[in-house]
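*Asks:* For reference, this is protein38.txt, and it has compact mmCIF, C-alpha atoms and all ligand atoms.
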```txt
# COMPACT_ATOMS: atom_id res chain seq x y z
CA MET B 3 -27.96 9.79 -10.28
CA ASP B 4 -30.51 8.86 -7.66
CA ASN B 5 -30.38 9.91 -4.04
CA SER B 6 -29.80 6.49 -2.50
CA PHE B 7 -26.69 6.01 -4.65
CA LEU B 8 -25.36 9.41 -3.59
CA LEU B 9 -26.09 8.73 0.08
CA LEU B 10 -24.43 5.30 -0.08
CA SER B 11 -21.39 6.84 -1.81
CA ILE B 12 -21.01 9.42 0.95
CA ILE B 13 -21.35 6.79 3.67
CA ILE B 14 -18.75 4.56 1.98
CA PHE B 15 -16.35 7.48 1.50
CA ALA B 16 -16.71 8.51 5.17
CA PHE B 17 -16.23 4.89 6.26
CA GLY B 18 -13.06 4.71 4.15
CA ALA B 19 -11.74 7.94 5.68
CA CYS B 20 -12.31 6.58 9.23
CA ILE B 21 -10.43 3.38 8.37
CA GLY B 22 -7.68 5.55 6.84
CA SER B 23 -7.41 7.37 10.16
CA PHE B 24 -6.88 3.99 11.85
CA LEU B 25 -4.25 3.05 9.24
CA ASN B 26 -2.34 6.22 10.18
CA VAL B 27 -2.22 4.93 13.76
CA CYS B 28 -0.97 1.53 12.53
CA ILE B 29 1.70 3.11 10.26
CA TYR B 30 3.07 5.12 13.16
CA ARG B 31 2.74 2.62 16.02
CA ILE B 32 3.44 -0.86 14.57
CA PRO B 33 7.14 -0.17 13.74
CA ALA B 34 7.56 1.44 17.18
CA GLY B 35 6.16 -1.70 18.81
CA LYS B 36 3.30 0.25 20.41
CA SER B 37 -0.31 -0.83 20.89
CA ILE B 38 -2.65 0.21 18.09
CA VAL B 39 -5.66 0.21 20.42
CA SER B 40 -4.70 2.37 23.39
CA PRO B 41 -4.00 5.07 24.38
CA GLY B 42 -6.01 7.34 22.06
CA SER B 43 -4.34 9.81 19.70
CA SER B 44 -2.40 12.70 21.16
CA CYS B 45 -0.42 15.55 19.60
CA TRP B 46 3.22 14.56 19.10
CA GLY B 47 4.21 18.17 19.74
CA CYS B 48 2.49 19.10 22.99
CA GLY B 49 1.17 15.69 24.06
CA THR B 50 -2.40 16.93 24.46
CA PRO B 51 -4.85 14.07 23.92
CA ILE B 52 -6.91 14.85 20.81
CA PRO B 53 -10.61 15.08 21.69
CA PHE B 54 -13.05 13.18 19.50
CA SER B 55 -14.42 16.37 17.94
CA PHE B 56 -10.96 17.30 16.59
CA ASN B 57 -10.24 13.79 15.35
CA ILE B 58 -12.66 13.65 12.44
CA PRO B 59 -10.83 12.16 9.42
CA VAL B 60 -10.01 14.57 6.55
CA LEU B 61 -12.25 17.37 7.89
CA SER B 62 -10.26 18.06 11.08
CA TRP B 63 -7.01 18.39 9.17
CA LEU B 64 -8.58 20.78 6.65
CA LEU B 65 -10.48 22.86 9.24
CA LEU B 66 -7.43 23.23 11.47
CA GLY B 67 -5.21 24.01 8.47
CA GLY B 68 -2.92 21.07 9.23
CA ARG B 69 -1.96 22.35 12.67
CA CYS B 70 -2.48 21.18 16.24
CA ARG B 71 -5.45 22.96 17.84
CA PHE B 72 -3.46 23.58 21.01
CA CYS B 73 0.22 24.18 20.23
CA LYS B 74 -0.19 25.01 16.49
CA ILE B 75 2.59 22.62 15.52
CA LYS B 76 2.36 21.40 11.90
CA ILE B 77 0.69 18.04 11.36
CA SER B 78 2.11 16.18 8.35
CA ILE B 79 -0.02 16.27 5.20
CA ARG B 80 0.59 12.55 5.00
CA TYR B 81 -2.18 11.96 7.54
CA LEU B 82 -4.59 13.63 5.13
CA ILE B 83 -3.16 11.75 2.14
CA VAL B 84 -3.57 8.33 3.81
CA GLU B 85 -7.16 9.16 4.85
CA LEU B 86 -8.10 10.43 1.39
CA PHE B 87 -6.40 7.53 -0.37
CA THR B 88 -8.25 4.98 1.79
CA ALA B 89 -11.57 6.83 1.32
CA PHE B 90 -11.17 6.92 -2.48
CA THR B 91 -10.18 3.22 -2.46
CA ALA B 92 -13.46 2.36 -0.72
CA PHE B 93 -15.42 4.57 -3.12
CA PHE B 94 -13.83 3.26 -6.33
CA LEU B 95 -14.22 -0.36 -5.21
CA PHE B 96 -17.89 0.38 -4.61
CA LEU B 97 -18.16 1.87 -8.13
CA LYS B 98 -16.43 -1.11 -9.74
CA TYR B 99 -17.86 -4.02 -7.75
CA GLY B 100 -20.90 -2.57 -5.97
CA ALA B 101 -21.79 -3.16 -2.32
CA ALA B 102 -20.65 -6.79 -2.51
CA PRO B 103 -18.39 -9.04 -0.38
CA ILE B 104 -15.68 -8.83 -3.07
CA SER B 105 -15.46 -5.05 -2.49
CA LEU B 106 -14.94 -5.56 1.24
CA TYR B 107 -12.33 -8.26 0.55
CA TYR B 108 -10.33 -6.02 -1.80
CA PHE B 109 -10.72 -3.10 0.60
CA ILE B 110 -9.12 -5.07 3.47
CA PHE B 111 -6.36 -6.25 1.09
CA ILE B 112 -5.57 -2.70 -0.09
CA CYS B 113 -5.65 -1.40 3.53
CA ILE B 114 -2.91 -3.89 4.43
CA LEU B 115 -0.97 -2.77 1.32
CA ILE B 116 -1.28 0.93 2.28
CA THR B 117 -0.01 0.25 5.81
CA ILE B 118 2.89 -1.90 4.56
CA SER B 119 3.86 0.66 1.88
CA PHE B 120 4.15 3.61 4.25
CA ILE B 121 6.03 1.60 6.89
CA ASP B 122 8.41 0.29 4.20
CA PHE B 123 8.86 3.84 2.89
CA ASP B 124 9.65 5.20 6.38
CA HIS B 125 11.75 2.37 7.82
CA ARG B 126 12.73 0.09 4.89
CA ILE B 127 11.07 -2.85 6.62
CA ILE B 128 7.91 -4.84 6.04
CA PRO B 129 6.83 -6.16 9.44
CA ASP B 130 6.05 -9.89 9.62
CA LEU B 131 3.25 -8.81 11.95
CA LEU B 132 1.44 -7.55 8.83
CA SER B 133 2.64 -9.78 5.99
CA LEU B 134 2.27 -13.18 7.67
CA PRO B 135 -1.31 -12.75 8.97
CA GLY B 136 -1.88 -10.96 5.62
CA ILE B 137 -1.07 -14.17 3.72
CA ILE B 138 -3.63 -16.09 5.81
CA ILE B 139 -6.34 -13.39 5.52
CA CYS B 140 -5.77 -12.97 1.79
CA ALA B 141 -5.87 -16.74 1.22
CA SER B 142 -9.65 -16.49 1.62
CA SER B 143 -9.74 -14.93 -1.88
CA PHE B 144 -11.15 -18.11 -3.44
CA TYR B 145 -14.17 -17.66 -1.18
CA PHE B 146 -14.83 -13.99 -2.10
CA ILE B 147 -13.61 -13.58 -5.69
CA PRO B 148 -15.72 -15.37 -8.31
CA ASP B 149 -12.88 -16.36 -10.68
CA MET B 150 -10.45 -17.49 -7.96
CA SER B 151 -10.05 -21.10 -6.85
CA LEU B 152 -8.27 -22.65 -3.87
CA LYS B 153 -5.73 -24.10 -6.32
CA ASN B 154 -5.03 -20.65 -7.79
CA THR B 155 -4.73 -19.13 -4.31
CA ILE B 156 -2.11 -21.67 -3.23
CA ALA B 157 -0.29 -21.41 -6.57
CA GLY B 158 -0.30 -17.63 -6.20
CA ILE B 159 1.32 -17.82 -2.75
CA PHE B 160 4.10 -20.06 -4.05
CA THR B 161 4.62 -18.09 -7.26
CA GLY B 162 4.89 -14.85 -5.27
CA GLY B 163 7.14 -16.32 -2.60
CA MET B 164 9.41 -18.26 -4.94
CA SER B 165 9.82 -15.80 -7.82
CA LEU B 166 11.37 -13.08 -5.73
CA TYR B 167 13.24 -15.61 -3.67
CA THR B 168 14.92 -16.78 -6.86
CA ILE B 169 15.86 -13.20 -7.83
CA ALA B 170 17.10 -12.47 -4.31
CA PHE B 171 19.18 -15.65 -4.35
CA LEU B 172 20.75 -14.82 -7.73
CA TYR B 173 21.41 -11.25 -6.61
CA TYR B 174 23.12 -12.51 -3.48
CA PHE B 175 25.01 -15.11 -5.49
CA VAL B 176 26.38 -12.50 -7.90
CA ARG B 177 26.84 -9.49 -5.66
CA ARG B 178 27.33 -11.15 -2.25
CA GLU B 179 24.97 -8.66 -0.70
CA GLU B 180 21.29 -8.58 -0.04
CA GLY B 181 19.42 -6.48 -2.58
CA LEU B 182 15.88 -7.49 -1.88
CA GLY B 183 14.50 -7.84 1.59
CA GLY B 184 12.85 -11.00 2.89
CA GLY B 185 9.88 -8.74 3.58
CA ASP B 186 9.29 -8.25 -0.16
CA ILE B 187 9.07 -12.02 -0.59
CA LYS B 188 6.39 -12.37 2.10
CA LEU B 189 4.56 -9.37 0.64
CA LEU B 190 4.51 -11.02 -2.79
CA ALA B 191 3.25 -14.27 -1.26
CA MET B 192 0.41 -12.22 0.24
CA ILE B 193 -0.35 -10.56 -3.09
CA GLY B 194 -0.28 -13.99 -4.73
CA ALA B 195 -2.80 -15.26 -2.16
CA ALA B 196 -5.17 -12.42 -3.06
CA THR B 197 -4.77 -12.29 -6.84
CA GLY B 198 -3.57 -15.74 -7.95
CA ILE B 199 -0.81 -16.55 -10.43
CA LYS B 200 -1.90 -14.05 -13.10
CA GLY B 201 -2.19 -11.24 -10.55
CA VAL B 202 1.14 -11.88 -8.88
CA LEU B 203 3.01 -12.07 -12.21
CA PHE B 204 1.32 -8.82 -13.29
CA THR B 205 2.36 -7.28 -9.94
CA ILE B 206 6.02 -8.33 -10.28
CA PHE B 207 6.14 -7.00 -13.86
CA SER B 208 4.38 -3.67 -13.25
CA GLY B 209 5.95 -3.16 -9.79
CA SER B 210 9.46 -3.68 -11.22
CA LEU B 211 8.68 -1.29 -14.08
CA LEU B 212 7.43 1.42 -11.69
CA GLY B 213 10.39 0.82 -9.37
CA THR B 214 12.86 1.09 -12.26
CA VAL B 215 11.38 4.36 -13.54
CA PHE B 216 11.40 5.81 -10.04
CA GLY B 217 14.89 4.43 -9.36
CA ALA B 218 16.26 6.01 -12.55
CA ALA B 219 14.72 9.34 -11.54
CA ALA B 220 16.24 9.02 -8.06
CA ILE B 221 19.70 8.25 -9.48
CA PHE B 222 19.42 11.23 -11.82
CA ARG B 223 18.46 13.47 -8.90
CA LEU B 224 21.31 12.14 -6.77
CA LYS B 225 23.80 12.84 -9.59
CA THR B 226 22.50 16.40 -9.97
CA ILE B 227 22.88 16.94 -6.23
CA ARG B 228 26.43 15.55 -6.32
CA LYS B 229 27.32 17.75 -9.30
CA LYS B 230 26.31 20.81 -7.33
CA GLY B 231 28.61 19.55 -4.59
CA LEU B 232 25.75 19.20 -2.16
CA ASP B 233 26.19 15.64 -1.00
CA ASP B 234 22.97 14.87 0.72
CA PRO B 235 23.36 11.93 3.11
CA VAL B 236 19.58 11.50 3.40
CA SER B 237 19.11 10.46 -0.22
CA LYS B 238 21.16 7.27 0.02
CA LEU B 239 19.87 4.99 -2.69
CA ARG B 240 17.94 2.38 -0.79
CA ILE B 241 14.65 2.42 -2.59
CA PRO B 242 11.89 0.46 -0.87
CA PHE B 243 10.27 -2.07 -3.19
CA GLY B 244 7.09 -2.58 -1.13
CA PRO B 245 5.24 0.55 -2.29
CA PHE B 246 5.86 -0.31 -5.98
CA LEU B 247 4.71 -3.90 -5.59
CA SER B 248 1.64 -2.63 -3.74
CA ALA B 249 0.93 -0.12 -6.51
CA GLY B 250 1.24 -2.95 -9.05
CA ALA B 251 -1.29 -5.06 -7.11
CA VAL B 252 -3.78 -2.15 -6.86
CA LEU B 253 -3.37 -1.50 -10.59
CA TYR B 254 -4.17 -5.17 -11.22
CA ILE B 255 -7.36 -5.04 -9.15
CA PHE B 256 -8.72 -2.04 -11.07
CA TYR B 257 -7.25 -2.35 -14.57
CA GLY B 258 -5.37 -5.68 -14.70
CA ASP B 259 -7.47 -7.36 -17.36
CA GLN B 260 -7.59 -4.30 -19.64
CA LEU B 261 -3.83 -3.74 -19.34
CA ILE B 262 -2.99 -7.40 -20.01
CA TYR B 263 -5.32 -7.37 -23.06
CA TRP B 264 -3.75 -4.12 -24.30
CA TYR B 265 -0.21 -5.45 -23.77
CA LEU B 266 -0.90 -8.75 -25.55
CA ASN B 267 -2.43 -6.83 -28.46
CA ILE B 268 0.70 -4.70 -28.78
CA ILE B 269 3.13 -7.63 -28.84
CA GLN B 270 0.93 -9.55 -31.32
CA HIS B 271 0.27 -6.63 -33.66
CA PRO B 272 3.19 -4.24 -33.26
ZN ZN X 301 -0.02 20.08 19.98
```
Output the structure of this file as structure tokens.

*Replies:*
Amino acid sequence: MDNSFLLLSIIIFAFGACIGSFLNVCIYRIPAGKSIVSPGSSCWGCGTPIPFSFNIPVLSWLLLGGRCRFCKIKISIRYLIVELFTAFTAFFLFLKYGAAPISLYYFIFICILITISFIDFDHRIIPDLLSLPGIIICASSFYFIPDMSLKNTIAGIFTGGMSLYTIAFLYYFVRREEGLGGGDIKLLAMIGAATGIKGVLFTIFSGSLLGTVFGAAAIFRLKTIRKKGLDDPVSKLRIPFGPFLSAGAVLYIFYGDQLIYWYLNIIQHP
């Protein structure tokens, strides 16, 4: 491994961590309807504005042991997780695609997915403020991704938007209640814009699979809790779908072709 590669890797990782720090701000402030630009970060416990030297992504959290420098209140490990996840995303994209425009395109796409996933997880909503501009930004995929075309981009948007819409409609028709949020539909349209028809179908398939496995685990856990007579009102079964769809899309970007090849091989030669 030569030195320039190592140096570039460190720079890209640090850049990713800084963007992750900004995503934390977005995740917290967008649902609250606050500005993501000003004021600067402050401790939610004591309100002390966090000076620049204590706001270094990843390192500050580790050096301060996950506590506020001033009032020692605990700072959620999620801040660290989001920063690390974003940093590793930048690094792995660089490893897979090199320092190319396609890496930057996918990085922006995954950053929007990270923000949407955590907001959906916290509040069970996917803000239009993210998904609608996301569709427009992601529609530039045909410009950045070699095997995408404008036709595939547009087809991806409609496939994503319509497929879930159909499921949501049937669900409503049968159950007379809304099972899937309109936010999921716009999210899938955005994923379709970025990955085309193949990518969005892969995302629906793998996202549903992941969601089902997780949902079954959650139901099992809820039943165990009920058996013990500890009815826990927090674990009401409203599982957000956004994080699973996002995970499916990220899986597609890194391993989509291999997984599709592997799957087709299995069903042809069982
Ligand atoms: Zn504090």

*Asks:* Pick out the closest residue to ligand ZN 301 (chain X) from this set: B:Trp46, B:Phe120, B:Phe222, B:Phe207. Count all atoms listed in the file.

*Replies:*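 Between B:Trp46, B:Phe120, B:Phe222, B:Phe207, the residue approaching ligand ZN 301 (chain X) most closely is B:Trp46.
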
*Asks:* Tell me, as a tab-separated table (two decimals) with C-alpha atoms, in the frame of the given file, which residues lie within 9 Å of segment 198-202 of chain B, counting all atoms listed in the file; anything in the same chain fewer than 4 positions away does not count.

*Replies:*
```tsv
chain	number	residue	atom	x	y	z
B	143	SER	CA	-9.74	-14.93	-1.88
B	150	MET	CA	-10.45	-17.49	-7.96
B	151	SER	CA	-10.05	-21.10	-6.85
B	153	LYS	CA	-5.73	-24.10	-6.32
B	154	ASN	CA	-5.03	-20.65	-7.79
B	155	THR	CA	-4.73	-19.13	-4.31
B	156	ILE	CA	-2.11	-21.67	-3.23
B	157	ALA	CA	-0.29	-21.41	-6.57
B	158	GLY	CA	-0.30	-17.63	-6.20
B	159	ILE	CA	1.32	-17.82	-2.75
B	160	PHE	CA	4.10	-20.06	-4.05
B	161	THR	CA	4.62	-18.09	-7.26
B	162	GLY	CA	4.89	-14.85	-5.27
B	190	LEU	CA	4.51	-11.02	-2.79
B	191	ALA	CA	3.25	-14.27	-1.26
B	193	ILE	CA	-0.35	-10.56	-3.09
B	194	GLY	CA	-0.28	-13.99	-4.73
B	206	ILE	CA	6.02	-8.33	-10.28
B	207	PHE	CA	6.14	-7.00	-13.86
B	250	GLY	CA	1.24	-2.95	-9.05
B	251	ALA	CA	-1.29	-5.06	-7.11
B	254	TYR	CA	-4.17	-5.17	-11.22
B	255	ILE	CA	-7.36	-5.04	-9.15
B	258	GLY	CA	-5.37	-5.68	-14.70
```

*Asks:* Between atom CA of Phe54 of chain B and atom CA of Ile79 of chain B, what is the spacing in Å?

*Replies:*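 We find that atom CA of Ile79 of chain B and atom CA of Phe54 of chain B lie 19.6 Å from each other.
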
*Asks:* Write out as a VMD selection string the residues lying within 7 Å of segment 56-59 of chain B, counting only C-alpha atoms and excluding same-chain residues fewer than 6 positions away.

*Replies:* chain B and resid 19 to 20 23 85

*Asks:* Find the residues near Leu131 of chain B: any atom within 12 Å, counting only C-alpha atoms, skip ones fewer than 6 places away on the same chain, and give them as an MDAnalysis selection string.

*Replies:* chainID B and resid 28 32:33 35 114 117:118 121 137:138 185 188:189

*Asks:* Quick one: everything within 12 Å of Pro148 of chain B, counting only C-alpha atoms, minus sequence neighbours fewer than 3 positions away in the same chain. Send it as a ChimeraX atom specification.

*Replies:* /B:99,102-105,107,142-145,151-152,154,197

*Asks:* With C-alpha atoms retained, could you export that selection as a tab-separated table (two decimals), keeping the file's coordinate frame?

*Replies:*
```tsv
chain	number	residue	atom	x	y	z
B	99	TYR	CA	-17.86	-4.02	-7.75
B	102	ALA	CA	-20.65	-6.79	-2.51
B	103	PRO	CA	-18.39	-9.04	-0.38
B	104	ILE	CA	-15.68	-8.83	-3.07
B	105	SER	CA	-15.46	-5.05	-2.49
B	107	TYR	CA	-12.33	-8.26	0.55
B	142	SER	CA	-9.65	-16.49	1.62
B	143	SER	CA	-9.74	-14.93	-1.88
B	144	PHE	CA	-11.15	-18.11	-3.44
B	145	TYR	CA	-14.17	-17.66	-1.18
B	151	SER	CA	-10.05	-21.10	-6.85
B	152	LEU	CA	-8.27	-22.65	-3.87
B	154	ASN	CA	-5.03	-20.65	-7.79
B	197	THR	CA	-4.77	-12.29	-6.84
```

*Asks:* Quick one: pull the distance between atom CA of Ile241 of chain B and atom CA of Gly217 of chain B, Å, one decimal.

*Replies:*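 Rounded to one decimal, the two atoms are 7.1 Å apart.
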
*Asks:* Would you work out the distance separating atom CA of Cys113 of chain B from atom CA of Cys140 of chain B, expressed in Å to one decimal?

*Replies:*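 So the answer is 11.7 Å.
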
*Asks:* So which residues are near ligand ZN 301 (chain X), meaning at most 8 Å away with only C-alpha atoms and all ligand atoms counted, given back as a compact mmCIF listing (two decimals) with C-alpha atoms, in the coordinates of the input?

*Replies:*
```
# COMPACT_ATOMS: atom_id res chain seq x y z
CA SER B 44 -2.40 12.70 21.16
CA CYS B 45 -0.42 15.55 19.60
CA TRP B 46 3.22 14.56 19.10
CA GLY B 47 4.21 18.17 19.74
CA CYS B 48 2.49 19.10 22.99
CA GLY B 49 1.17 15.69 24.06
CA THR B 50 -2.40 16.93 24.46
CA ARG B 69 -1.96 22.35 12.67
CA CYS B 70 -2.48 21.18 16.24
CA ARG B 71 -5.45 22.96 17.84
CA PHE B 72 -3.46 23.58 21.01
CA CYS B 73 0.22 24.18 20.23
CA LYS B 74 -0.19 25.01 16.49
CA ILE B 75 2.59 22.62 15.52
```

*Asks:* Find the residue from B:Leu266, B:Ile227, B:Ala34, B:Ile13 that sits nearest to His125 of chain B; use all atoms listed in the file when measuring.

*Replies:*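 Using all atoms listed in the file, the shortest distance to His125 of chain B belongs to B:Ala34.
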
*Asks:* Show me the residues close to (-1.4, 5.7, 5.9) - anything with an atom within 7 Å, counting all atoms listed in the file - and format the list as a ChimeraX atom specification.

*Replies:* /B:22,25-26,29,81,84-85,116-117,120

*Asks:* Keeping only C-alpha atoms, take the residues you just selected and write them out as a tab-separated table (two decimals), in the frame of the given file.

*Replies:*
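What landed in part_17.tsv:
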```
chain	number	residue	atom	x	y	z
B	22	GLY	CA	-7.68	5.55	6.84
B	25	LEU	CA	-4.25	3.05	9.24
B	26	ASN	CA	-2.34	6.22	10.18
B	29	ILE	CA	1.70	3.11	10.26
B	81	TYR	CA	-2.18	11.96	7.54
B	84	VAL	CA	-3.57	8.33	3.81
B	85	GLU	CA	-7.16	9.16	4.85
B	116	ILE	CA	-1.28	0.93	2.28
B	117	THR	CA	-0.01	0.25	5.81
B	120	PHE	CA	4.15	3.61	4.25
```

*Asks:* With all atoms listed in the file as the atoms that count, which of B:Leu64, B:Ile14, B:Ala249, B:Ile187 lies nearest to Leu134 of chain B?

*Replies:*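 So, comparing all the options, the nearest one is B:Ile187.
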
*Asks:* Using all atoms listed in the file, which residue out of B:Tyr174, B:Phe93, B:Phe256, B:Tyr108 lies closest to Phe146 of chain B?

*Replies:*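 For Phe146 of chain B, the nearest of the given residues is B:Tyr108.
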